[in-house]
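Novice: Encoded as structure tokens, here's the structure I'll be asking about.
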Number of protein chains: 2
Amino acid sequence: MGRHIDFYFDFASPYSYLASTQLPALAAGATVAHKPFRILELMKMVGNRPTTIESKVKGRYAGIDLGRWAARYGVKLQRNPHMRGFDFDALRRGTLVAIDLGRAQAYVDAVFHAVWAGERNLAEPPVLTALLDEAGFDGSALMARAAEPGYAARLDKETEAAAERGVFGAPTFFIGDEMFFGNDRLDFVAGALKTAA
Amino acid sequence: MGRHIDFYFDFASPYSYLASTQLPALAAGATVAHKPFRILELMKMVGNRPTTIESKVKGRYAGIDLGRWAARYGVKLQRNPHMRGFDFDALRRGTLVAIDLGRAQAYVDAVFHAVWAGERNLAEPPVLTALLDEAGFDGSALMARAAEPGYAARLDKETEAAAERGVFGAPTFFIGDEMFFGNDRLDFVAGALKTAA
């Protein structure tokens, strides 16, 4: 078996977006399994709390910190102005459909970029389907499939499985049984990937 | 005015210990102001929470993560077996005395090493004063002075001032008005220090 990374992420997490911009280069030659889950639900399950939301000073600092990382990576980071209206659960379920289609990476990249570096209103179904069409999907077919009840149940299971495996936030990476939490641990992930080769 | 770092830390914080082992090399040529404060009291003030204590899975991961950083730095990290009995508030006030004596660095290094890499029981006054004697202080005179009420009041003020400046955890660094949180941001601190030169 070759080198492999499990990438646990959530579209609502800006640090997950940052990590997603670096993952293709970091994982070159390795396989990546995309693992969407419901971040706030999982944090409640494991007794963790979204202190960046709860503490104003911590939230303000996180905004500055995110900007520093975006500058370091040379990527755009700009909260989508329509984000409050987004159906994040539909976006998560869409990932599961894209996984079944064998094209998770293209889906995840397109959605992350739209959420954290774009201005399009994904709350409007035609806007979302157009985005996915541009990424090479049949956007309306994908989102129709993501609305089937089986995918909601699968997302429940993915969230529970993440919690059981020790995940307490996003982004989280596994190389074998070694877990790494945070965009700021990508250098450790790269190191573990090398020794796993 | 030359290059300067404000270093906010707490002896109860293992990530503060890790950062303290790197600070002398990182700050070479710069001045360092040591800023002790009561971490749990400050976190409560600013609405932050000690999730590493509250969430078992997060705490378990932190133990692994700390070991990875210790290995990267090549430093010993081994929780002192007597830690539960330590009077952390006295250790914090002792820092203020050492600052007044112009020898904060020697005090902070000795105490951090004893707490996070040693086995001596600092709950016993003769053991603590011996440690400080070895670090070049008059240990019993220092601790007697740290017990004066003025130092407790000053620690209150230091904690409030830290919260007012935007600190929400430890370790935290300031280069001018730029704040950096976490042992894992030392590379950003080093970068800011260069451009501040």
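Labels used: A, B, ... for chains in the order of the structure tokens, numbers from 1 for residues in each chain, and numbers from 1 for ligands as shown.
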If we count only C-alpha atoms and set the cut-off at 12 Å, which residues sit around Ala130 (chain A), ignoring sequence neighbours fewer than 3 positions away in its own chain? Please answer as a PyMOL selection string.

Specialist: chain A and resi 110-111+114+120-122+124-127+133-143

Novice: So that I can check the surroundings of Ala153 (chain A), please list as an MDAnalysis selection string every protein, DNA and RNA residue that reaches within 12 Å of it, counting only C-alpha atoms and ignoring chain neighbours fewer than 6 positions away.

Specialist: chainID A and resid 37 89 92:93 96 146:147 159:160

Novice: Taking only C-alpha atoms into account and nothing else, which residues of chain B lie no more than 8 Å away from chain A? Please answer as a PyMOL selection string.

Specialist: chain B and resi 46-49+51+54-58+61+65+166-168+179-180+184

Novice: Next, write the just-selected residues to a file, as a PDB file, in the first residue's frame, keeping N, CA and C atoms as the atom set.

Specialist:
ATOM      1  N   VAL B  46     -11.803  36.886  29.115  1.00  0.00           N
ATOM      2  CA  VAL B  46     -12.010  37.202  27.690  1.00  0.00           C
ATOM      3  C   VAL B  46     -12.931  36.194  26.995  1.00  0.00           C
ATOM      4  N   GLY B  47     -13.580  35.324  27.788  1.00  0.00           N
ATOM      5  CA  GLY B  47     -14.538  34.402  27.189  1.00  0.00           C
ATOM      6  C   GLY B  47     -13.906  33.225  26.461  1.00  0.00           C
ATOM      7  N   ASN B  48     -12.623  32.985  26.715  1.00  0.00           N
ATOM      8  CA  ASN B  48     -11.955  31.826  26.120  1.00  0.00           C
ATOM      9  C   ASN B  48     -12.063  30.645  27.097  1.00  0.00           C
ATOM     10  N   ARG B  49     -11.809  29.419  26.643  1.00  0.00           N
ATOM     11  CA  ARG B  49     -11.940  28.261  27.512  1.00  0.00           C
ATOM     12  C   ARG B  49     -10.765  27.311  27.335  1.00  0.00           C
ATOM     13  N   THR B  51     -10.026  24.328  26.431  1.00  0.00           N
ATOM     14  CA  THR B  51     -10.622  23.144  25.801  1.00  0.00           C
ATOM     15  C   THR B  51      -9.709  21.928  25.856  1.00  0.00           C
ATOM     16  N   GLU B  54     -10.857  20.561  29.013  1.00  0.00           N
ATOM     17  CA  GLU B  54     -12.273  20.183  29.017  1.00  0.00           C
ATOM     18  C   GLU B  54     -12.603  19.004  28.097  1.00  0.00           C
ATOM     19  N   SER B  55     -11.904  18.916  26.979  1.00  0.00           N
ATOM     20  CA  SER B  55     -12.188  17.834  26.024  1.00  0.00           C
ATOM     21  C   SER B  55     -11.102  16.767  26.133  1.00  0.00           C
ATOM     22  N   LYS B  56     -11.505  15.565  26.535  1.00  0.00           N
ATOM     23  CA  LYS B  56     -10.523  14.495  26.734  1.00  0.00           C
ATOM     24  C   LYS B  56      -9.742  14.177  25.461  1.00  0.00           C
ATOM     25  N   VAL B  57     -10.439  14.072  24.325  1.00  0.00           N
ATOM     26  CA  VAL B  57      -9.726  13.719  23.087  1.00  0.00           C
ATOM     27  C   VAL B  57      -8.752  14.815  22.687  1.00  0.00           C
ATOM     28  N   LYS B  58      -9.148  16.073  22.917  1.00  0.00           N
ATOM     29  CA  LYS B  58      -8.243  17.177  22.580  1.00  0.00           C
ATOM     30  C   LYS B  58      -7.025  17.166  23.503  1.00  0.00           C
ATOM     31  N   TYR B  61      -4.622  14.403  22.426  1.00  0.00           N
ATOM     32  CA  TYR B  61      -3.862  14.827  21.238  1.00  0.00           C
ATOM     33  C   TYR B  61      -2.781  15.834  21.616  1.00  0.00           C
ATOM     34  N   ASP B  65       1.072  16.032  20.527  1.00  0.00           N
ATOM     35  CA  ASP B  65       1.589  17.218  19.821  1.00  0.00           C
ATOM     36  C   ASP B  65       2.770  17.832  20.574  1.00  0.00           C
ATOM     37  N   GLY B 166      -5.452  42.226  24.472  1.00  0.00           N
ATOM     38  CA  GLY B 166      -5.913  41.262  23.470  1.00  0.00           C
ATOM     39  C   GLY B 166      -5.408  39.848  23.676  1.00  0.00           C
ATOM     40  N   VAL B 167      -4.631  39.633  24.743  1.00  0.00           N
ATOM     41  CA  VAL B 167      -4.129  38.282  25.025  1.00  0.00           C
ATOM     42  C   VAL B 167      -5.307  37.388  25.438  1.00  0.00           C
ATOM     43  N   PHE B 168      -5.359  36.163  24.903  1.00  0.00           N
ATOM     44  CA  PHE B 168      -6.435  35.229  25.272  1.00  0.00           C
ATOM     45  C   PHE B 168      -5.895  33.859  25.658  1.00  0.00           C
ATOM     46  N   MET B 179       0.422  41.062  17.431  1.00  0.00           N
ATOM     47  CA  MET B 179       0.298  39.974  18.391  1.00  0.00           C
ATOM     48  C   MET B 179       0.385  38.622  17.681  1.00  0.00           C
ATOM     49  N   PHE B 180       1.049  37.680  18.338  1.00  0.00           N
ATOM     50  CA  PHE B 180       1.174  36.312  17.826  1.00  0.00           C
ATOM     51  C   PHE B 180       0.861  35.365  18.963  1.00  0.00           C
ATOM     52  N   ASP B 184       3.464  27.626  18.136  1.00  0.00           N
ATOM     53  CA  ASP B 184       3.509  27.306  16.706  1.00  0.00           C
ATOM     54  C   ASP B 184       3.493  28.545  15.807  1.00  0.00           C
TER      55      ASP B 184
END

Novice: Quick one: superpose chain B onto chain A using all C-alpha atoms paired in order, least squares, and give it to me as a PDB file with C-alpha atoms, in the first residue's frame.

Specialist:
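Once written, out-v4.pdb looks like this:
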ATOM      1  CA  MET B   1       0.032  -0.022   0.048  1.00  0.00           C
ATOM      2  CA  GLY B   2       1.281   3.423  -0.998  1.00  0.00           C
ATOM      3  CA  ARG B   3       1.365   6.703   0.881  1.00  0.00           C
ATOM      4  CA  HIS B   4      -2.029   7.991   1.950  1.00  0.00           C
ATOM      5  CA  ILE B   5      -3.623  10.983   3.727  1.00  0.00           C
ATOM      6  CA  ASP B   6      -7.070  11.158   5.276  1.00  0.00           C
ATOM      7  CA  PHE B   7      -8.169  14.797   5.151  1.00  0.00           C
ATOM      8  CA  TYR B   8     -10.986  15.720   7.566  1.00  0.00           C
ATOM      9  CA  PHE B   9     -12.376  19.152   6.792  1.00  0.00           C
ATOM     10  CA  ASP B  10     -15.422  21.371   6.823  1.00  0.00           C
ATOM     11  CA  PHE B  11     -16.340  24.081   4.332  1.00  0.00           C
ATOM     12  CA  ALA B  12     -17.273  26.404   7.217  1.00  0.00           C
ATOM     13  CA  SER B  13     -13.677  26.294   8.489  1.00  0.00           C
ATOM     14  CA  PRO B  14     -11.286  28.881   6.978  1.00  0.00           C
ATOM     15  CA  TYR B  15      -8.230  26.997   8.232  1.00  0.00           C
ATOM     16  CA  SER B  16      -9.559  23.949   6.333  1.00  0.00           C
ATOM     17  CA  TYR B  17      -9.684  26.106   3.217  1.00  0.00           C
ATOM     18  CA  LEU B  18      -6.092  27.250   3.739  1.00  0.00           C
ATOM     19  CA  ALA B  19      -4.930  23.650   4.201  1.00  0.00           C
ATOM     20  CA  SER B  20      -6.852  22.551   1.110  1.00  0.00           C
ATOM     21  CA  THR B  21      -4.870  25.006  -1.012  1.00  0.00           C
ATOM     22  CA  GLN B  22      -1.599  23.337   0.056  1.00  0.00           C
ATOM     23  CA  LEU B  23      -2.681  19.716   0.065  1.00  0.00           C
ATOM     24  CA  PRO B  24      -2.253  18.882  -3.638  1.00  0.00           C
ATOM     25  CA  ALA B  25       1.446  19.895  -3.613  1.00  0.00           C
ATOM     26  CA  LEU B  26       2.060  18.358  -0.204  1.00  0.00           C
ATOM     27  CA  ALA B  27       0.359  15.090  -1.121  1.00  0.00           C
ATOM     28  CA  ALA B  28       2.055  14.728  -4.521  1.00  0.00           C
ATOM     29  CA  GLY B  29       2.502  11.006  -5.082  1.00  0.00           C
ATOM     30  CA  ALA B  30       0.145  10.105  -2.242  1.00  0.00           C
ATOM     31  CA  THR B  31      -3.565   9.331  -2.293  1.00  0.00           C
ATOM     32  CA  VAL B  32      -5.970  11.638  -0.445  1.00  0.00           C
ATOM     33  CA  ALA B  33      -9.303  10.587   1.055  1.00  0.00           C
ATOM     34  CA  HIS B  34     -11.615  13.564   1.566  1.00  0.00           C
ATOM     35  CA  LYS B  35     -13.587  13.293   4.802  1.00  0.00           C
ATOM     36  CA  PRO B  36     -16.377  15.844   5.182  1.00  0.00           C
ATOM     37  CA  PHE B  37     -18.156  16.117   8.527  1.00  0.00           C
ATOM     38  CA  ARG B  38     -20.337  18.529  10.513  1.00  0.00           C
ATOM     39  CA  ILE B  39     -17.801  20.461  12.536  1.00  0.00           C
ATOM     40  CA  LEU B  40     -19.979  22.056  15.240  1.00  0.00           C
ATOM     41  CA  GLU B  41     -21.888  18.802  15.792  1.00  0.00           C
ATOM     42  CA  LEU B  42     -18.622  16.873  16.159  1.00  0.00           C
ATOM     43  CA  MET B  43     -17.124  19.438  18.534  1.00  0.00           C
ATOM     44  CA  LYS B  44     -20.173  19.113  20.768  1.00  0.00           C
ATOM     45  CA  MET B  45     -19.835  15.303  20.674  1.00  0.00           C
ATOM     46  CA  VAL B  46     -16.256  15.396  21.969  1.00  0.00           C
ATOM     47  CA  GLY B  47     -16.624  18.232  24.480  1.00  0.00           C
ATOM     48  CA  ASN B  48     -14.675  20.752  22.405  1.00  0.00           C
ATOM     49  CA  ARG B  49     -15.914  24.332  21.862  1.00  0.00           C
ATOM     50  CA  PRO B  50     -15.704  26.896  19.059  1.00  0.00           C
ATOM     51  CA  THR B  51     -13.764  29.406  21.168  1.00  0.00           C
ATOM     52  CA  THR B  52     -12.920  31.474  18.096  1.00  0.00           C
ATOM     53  CA  ILE B  53     -16.646  32.180  17.807  1.00  0.00           C
ATOM     54  CA  GLU B  54     -17.304  32.432  21.553  1.00  0.00           C
ATOM     55  CA  SER B  55     -14.432  34.744  22.494  1.00  0.00           C
ATOM     56  CA  LYS B  56     -14.458  38.063  20.647  1.00  0.00           C
ATOM     57  CA  VAL B  57     -10.750  38.782  21.169  1.00  0.00           C
ATOM     58  CA  LYS B  58      -9.814  35.294  19.998  1.00  0.00           C
ATOM     59  CA  GLY B  59     -12.027  35.696  16.945  1.00  0.00           C
ATOM     60  CA  ARG B  60     -10.483  39.050  16.098  1.00  0.00           C
ATOM     61  CA  TYR B  61      -6.985  37.554  16.338  1.00  0.00           C
ATOM     62  CA  ALA B  62      -8.013  34.594  14.168  1.00  0.00           C
ATOM     63  CA  GLY B  63      -8.920  37.050  11.417  1.00  0.00           C
ATOM     64  CA  ILE B  64      -5.388  38.489  11.544  1.00  0.00           C
ATOM     65  CA  ASP B  65      -3.790  35.056  11.756  1.00  0.00           C
ATOM     66  CA  LEU B  66      -5.752  33.804   8.730  1.00  0.00           C
ATOM     67  CA  GLY B  67      -4.516  36.795   6.737  1.00  0.00           C
ATOM     68  CA  ARG B  68      -0.920  35.999   7.683  1.00  0.00           C
ATOM     69  CA  TRP B  69      -1.264  32.397   6.470  1.00  0.00           C
ATOM     70  CA  ALA B  70      -2.961  33.497   3.241  1.00  0.00           C
ATOM     71  CA  ALA B  71      -0.053  35.882   2.609  1.00  0.00           C
ATOM     72  CA  ARG B  72       2.487  33.142   3.358  1.00  0.00           C
ATOM     73  CA  TYR B  73       0.758  30.754   0.958  1.00  0.00           C
ATOM     74  CA  GLY B  74       0.104  33.448  -1.623  1.00  0.00           C
ATOM     75  CA  VAL B  75      -3.601  32.595  -1.807  1.00  0.00           C
ATOM     76  CA  LYS B  76      -6.686  34.767  -1.690  1.00  0.00           C
ATOM     77  CA  LEU B  77      -8.758  34.644   1.492  1.00  0.00           C
ATOM     78  CA  GLN B  78     -11.914  36.703   1.517  1.00  0.00           C
ATOM     79  CA  ARG B  79     -15.013  35.567   3.342  1.00  0.00           C
ATOM     80  CA  ASN B  80     -17.866  35.232   0.857  1.00  0.00           C
ATOM     81  CA  PRO B  81     -20.334  38.081   1.588  1.00  0.00           C
ATOM     82  CA  HIS B  82     -23.322  35.736   1.218  1.00  0.00           C
ATOM     83  CA  MET B  83     -21.964  33.014   3.490  1.00  0.00           C
ATOM     84  CA  ARG B  84     -24.653  33.283   6.159  1.00  0.00           C
ATOM     85  CA  GLY B  85     -27.243  32.046   3.698  1.00  0.00           C
ATOM     86  CA  PHE B  86     -25.277  29.005   2.506  1.00  0.00           C
ATOM     87  CA  ASP B  87     -26.622  25.496   3.049  1.00  0.00           C
ATOM     88  CA  PHE B  88     -23.388  24.015   4.349  1.00  0.00           C
ATOM     89  CA  ASP B  89     -25.005  20.657   4.935  1.00  0.00           C
ATOM     90  CA  ALA B  90     -25.878  20.389   1.239  1.00  0.00           C
ATOM     91  CA  LEU B  91     -22.296  21.330   0.353  1.00  0.00           C
ATOM     92  CA  ARG B  92     -21.018  18.594   2.678  1.00  0.00           C
ATOM     93  CA  ARG B  93     -23.365  15.978   1.201  1.00  0.00           C
ATOM     94  CA  GLY B  94     -22.300  17.095  -2.259  1.00  0.00           C
ATOM     95  CA  THR B  95     -18.759  16.046  -1.310  1.00  0.00           C
ATOM     96  CA  LEU B  96     -20.009  12.524  -0.664  1.00  0.00           C
ATOM     97  CA  VAL B  97     -21.589  12.440  -4.122  1.00  0.00           C
ATOM     98  CA  ALA B  98     -18.351  13.721  -5.674  1.00  0.00           C
ATOM     99  CA  ILE B  99     -16.452  10.992  -3.788  1.00  0.00           C
ATOM    100  CA  ASP B 100     -18.809   8.413  -5.319  1.00  0.00           C
ATOM    101  CA  LEU B 101     -18.112   9.949  -8.718  1.00  0.00           C
ATOM    102  CA  GLY B 102     -14.367   9.630  -8.072  1.00  0.00           C
ATOM    103  CA  ARG B 103     -13.824  13.380  -8.336  1.00  0.00           C
ATOM    104  CA  ALA B 104     -13.711  14.661  -4.763  1.00  0.00           C
ATOM    105  CA  GLN B 105     -10.686  16.897  -5.299  1.00  0.00           C
ATOM    106  CA  ALA B 106     -12.298  18.956  -8.087  1.00  0.00           C
ATOM    107  CA  TYR B 107     -15.491  19.427  -6.046  1.00  0.00           C
ATOM    108  CA  VAL B 108     -13.731  20.340  -2.811  1.00  0.00           C
ATOM    109  CA  ASP B 109     -11.422  22.825  -4.526  1.00  0.00           C
ATOM    110  CA  ALA B 110     -14.283  24.542  -6.369  1.00  0.00           C
ATOM    111  CA  VAL B 111     -16.485  24.856  -3.281  1.00  0.00           C
ATOM    112  CA  PHE B 112     -13.691  25.936  -0.909  1.00  0.00           C
ATOM    113  CA  HIS B 113     -12.599  28.610  -3.352  1.00  0.00           C
ATOM    114  CA  ALA B 114     -16.155  29.880  -3.795  1.00  0.00           C
ATOM    115  CA  VAL B 115     -16.752  30.018  -0.019  1.00  0.00           C
ATOM    116  CA  TRP B 116     -13.466  31.582   1.108  1.00  0.00           C
ATOM    117  CA  ALA B 117     -12.206  33.474  -1.925  1.00  0.00           C
ATOM    118  CA  GLY B 118     -15.310  34.180  -4.012  1.00  0.00           C
ATOM    119  CA  GLU B 119     -18.340  36.415  -4.067  1.00  0.00           C
ATOM    120  CA  ARG B 120     -20.957  34.248  -5.751  1.00  0.00           C
ATOM    121  CA  ASN B 121     -24.140  33.565  -3.814  1.00  0.00           C
ATOM    122  CA  LEU B 122     -24.205  29.772  -3.464  1.00  0.00           C
ATOM    123  CA  ALA B 123     -27.525  30.071  -1.629  1.00  0.00           C
ATOM    124  CA  GLU B 124     -29.109  30.433  -5.079  1.00  0.00           C
ATOM    125  CA  PRO B 125     -29.355  26.959  -6.659  1.00  0.00           C
ATOM    126  CA  PRO B 126     -28.582  28.104 -10.239  1.00  0.00           C
ATOM    127  CA  VAL B 127     -25.411  29.843  -8.998  1.00  0.00           C
ATOM    128  CA  LEU B 128     -24.262  26.708  -7.193  1.00  0.00           C
ATOM    129  CA  THR B 129     -25.016  24.397 -10.090  1.00  0.00           C
ATOM    130  CA  ALA B 130     -23.206  26.761 -12.484  1.00  0.00           C
ATOM    131  CA  LEU B 131     -20.146  26.631 -10.239  1.00  0.00           C
ATOM    132  CA  LEU B 132     -20.197  22.838 -10.293  1.00  0.00           C
ATOM    133  CA  ASP B 133     -20.795  22.761 -14.048  1.00  0.00           C
ATOM    134  CA  GLU B 134     -17.660  24.859 -14.468  1.00  0.00           C
ATOM    135  CA  ALA B 135     -15.770  22.361 -12.306  1.00  0.00           C
ATOM    136  CA  GLY B 136     -16.747  19.633 -14.775  1.00  0.00           C
ATOM    137  CA  PHE B 137     -19.792  18.172 -13.022  1.00  0.00           C
ATOM    138  CA  ASP B 138     -23.432  17.998 -13.987  1.00  0.00           C
ATOM    139  CA  GLY B 139     -24.213  20.479 -11.219  1.00  0.00           C
ATOM    140  CA  SER B 140     -27.963  20.048 -10.980  1.00  0.00           C
ATOM    141  CA  ALA B 141     -27.724  16.241 -11.107  1.00  0.00           C
ATOM    142  CA  LEU B 142     -25.061  16.269  -8.380  1.00  0.00           C
ATOM    143  CA  MET B 143     -27.076  18.491  -6.042  1.00  0.00           C
ATOM    144  CA  ALA B 144     -30.277  16.523  -6.687  1.00  0.00           C
ATOM    145  CA  ARG B 145     -28.462  13.347  -5.708  1.00  0.00           C
ATOM    146  CA  ALA B 146     -26.973  15.066  -2.621  1.00  0.00           C
ATOM    147  CA  ALA B 147     -30.528  15.763  -1.455  1.00  0.00           C
ATOM    148  CA  GLU B 148     -31.385  12.042  -1.303  1.00  0.00           C
ATOM    149  CA  PRO B 149     -31.849  10.876   2.311  1.00  0.00           C
ATOM    150  CA  GLY B 150     -29.057   8.304   2.044  1.00  0.00           C
ATOM    151  CA  TYR B 151     -26.446  11.046   1.872  1.00  0.00           C
ATOM    152  CA  ALA B 152     -27.690  12.790   5.013  1.00  0.00           C
ATOM    153  CA  ALA B 153     -27.470   9.466   6.850  1.00  0.00           C
ATOM    154  CA  ARG B 154     -23.965   8.929   5.499  1.00  0.00           C
ATOM    155  CA  LEU B 155     -22.885  12.381   6.690  1.00  0.00           C
ATOM    156  CA  ASP B 156     -24.207  11.486  10.161  1.00  0.00           C
ATOM    157  CA  LYS B 157     -22.060   8.366  10.088  1.00  0.00           C
ATOM    158  CA  GLU B 158     -18.986  10.208   8.792  1.00  0.00           C
ATOM    159  CA  THR B 159     -19.310  12.717  11.638  1.00  0.00           C
ATOM    160  CA  GLU B 160     -19.669   9.960  14.253  1.00  0.00           C
ATOM    161  CA  ALA B 161     -16.768   8.005  12.766  1.00  0.00           C
ATOM    162  CA  ALA B 162     -14.559  11.100  12.852  1.00  0.00           C
ATOM    163  CA  ALA B 163     -15.371  11.661  16.529  1.00  0.00           C
ATOM    164  CA  GLU B 164     -14.643   8.014  17.310  1.00  0.00           C
ATOM    165  CA  ARG B 165     -11.283   8.250  15.582  1.00  0.00           C
ATOM    166  CA  GLY B 166     -10.237  11.185  17.784  1.00  0.00           C
ATOM    167  CA  VAL B 167     -11.020  14.152  15.534  1.00  0.00           C
ATOM    168  CA  PHE B 168     -12.007  17.247  17.572  1.00  0.00           C
ATOM    169  CA  GLY B 169     -11.798  20.009  14.941  1.00  0.00           C
ATOM    170  CA  ALA B 170     -10.845  20.862  11.377  1.00  0.00           C
ATOM    171  CA  PRO B 171      -8.695  20.480   9.461  1.00  0.00           C
ATOM    172  CA  THR B 172      -7.375  17.150  10.711  1.00  0.00           C
ATOM    173  CA  PHE B 173      -5.030  14.777   8.901  1.00  0.00           C
ATOM    174  CA  PHE B 174      -4.199  11.132   9.396  1.00  0.00           C
ATOM    175  CA  ILE B 175      -1.135   9.371   8.061  1.00  0.00           C
ATOM    176  CA  GLY B 176      -1.894   5.806   9.115  1.00  0.00           C
ATOM    177  CA  ASP B 177      -2.809   6.102  12.793  1.00  0.00           C
ATOM    178  CA  GLU B 178      -0.938   9.352  13.329  1.00  0.00           C
ATOM    179  CA  MET B 179      -3.285  12.309  13.731  1.00  0.00           C
ATOM    180  CA  PHE B 180      -2.388  15.949  13.066  1.00  0.00           C
ATOM    181  CA  PHE B 181      -4.697  18.860  13.836  1.00  0.00           C
ATOM    182  CA  GLY B 182      -4.589  22.217  12.138  1.00  0.00           C
ATOM    183  CA  ASN B 183      -3.404  24.008   9.033  1.00  0.00           C
ATOM    184  CA  ASP B 184      -0.370  24.901  11.166  1.00  0.00           C
ATOM    185  CA  ARG B 185       0.707  21.263  11.371  1.00  0.00           C
ATOM    186  CA  LEU B 186       1.132  20.688   7.622  1.00  0.00           C
ATOM    187  CA  ASP B 187       4.915  20.581   8.041  1.00  0.00           C
ATOM    188  CA  PHE B 188       4.498  17.708  10.489  1.00  0.00           C
ATOM    189  CA  VAL B 189       2.118  16.010   8.030  1.00  0.00           C
ATOM    190  CA  ALA B 190       4.721  16.351   5.281  1.00  0.00           C
ATOM    191  CA  GLY B 191       7.349  14.860   7.590  1.00  0.00           C
ATOM    192  CA  ALA B 192       5.148  11.902   8.498  1.00  0.00           C
ATOM    193  CA  LEU B 193       4.343  11.321   4.847  1.00  0.00           C
ATOM    194  CA  LYS B 194       8.061  11.091   4.032  1.00  0.00           C
ATOM    195  CA  THR B 195       8.800   8.498   6.696  1.00  0.00           C
ATOM    196  CA  ALA B 196       5.658   6.579   5.679  1.00  0.00           C
ATOM    197  CA  ALA B 197       7.028   6.243   2.133  1.00  0.00           C
TER     198      ALA B 197
END

Novice: Enumerate the residues of region 3-194 of chain A with a DSSP assignment of helix (DSSP H, G or I), computed from the backbone, and present them as number ranges by chain.

Specialist: A: 14-26, 39-45, 51-54, 56-73, 83-85, 88-100, 104-117, 125-134, 139-146, 149-165, 183-194

Novice: Please return, as a ChimeraX atom specification, all residues of region 108-194 of chain B that DSSP assigns to strand (DSSP E) on the basis of the backbone.

Specialist: /B:172-175,178-181
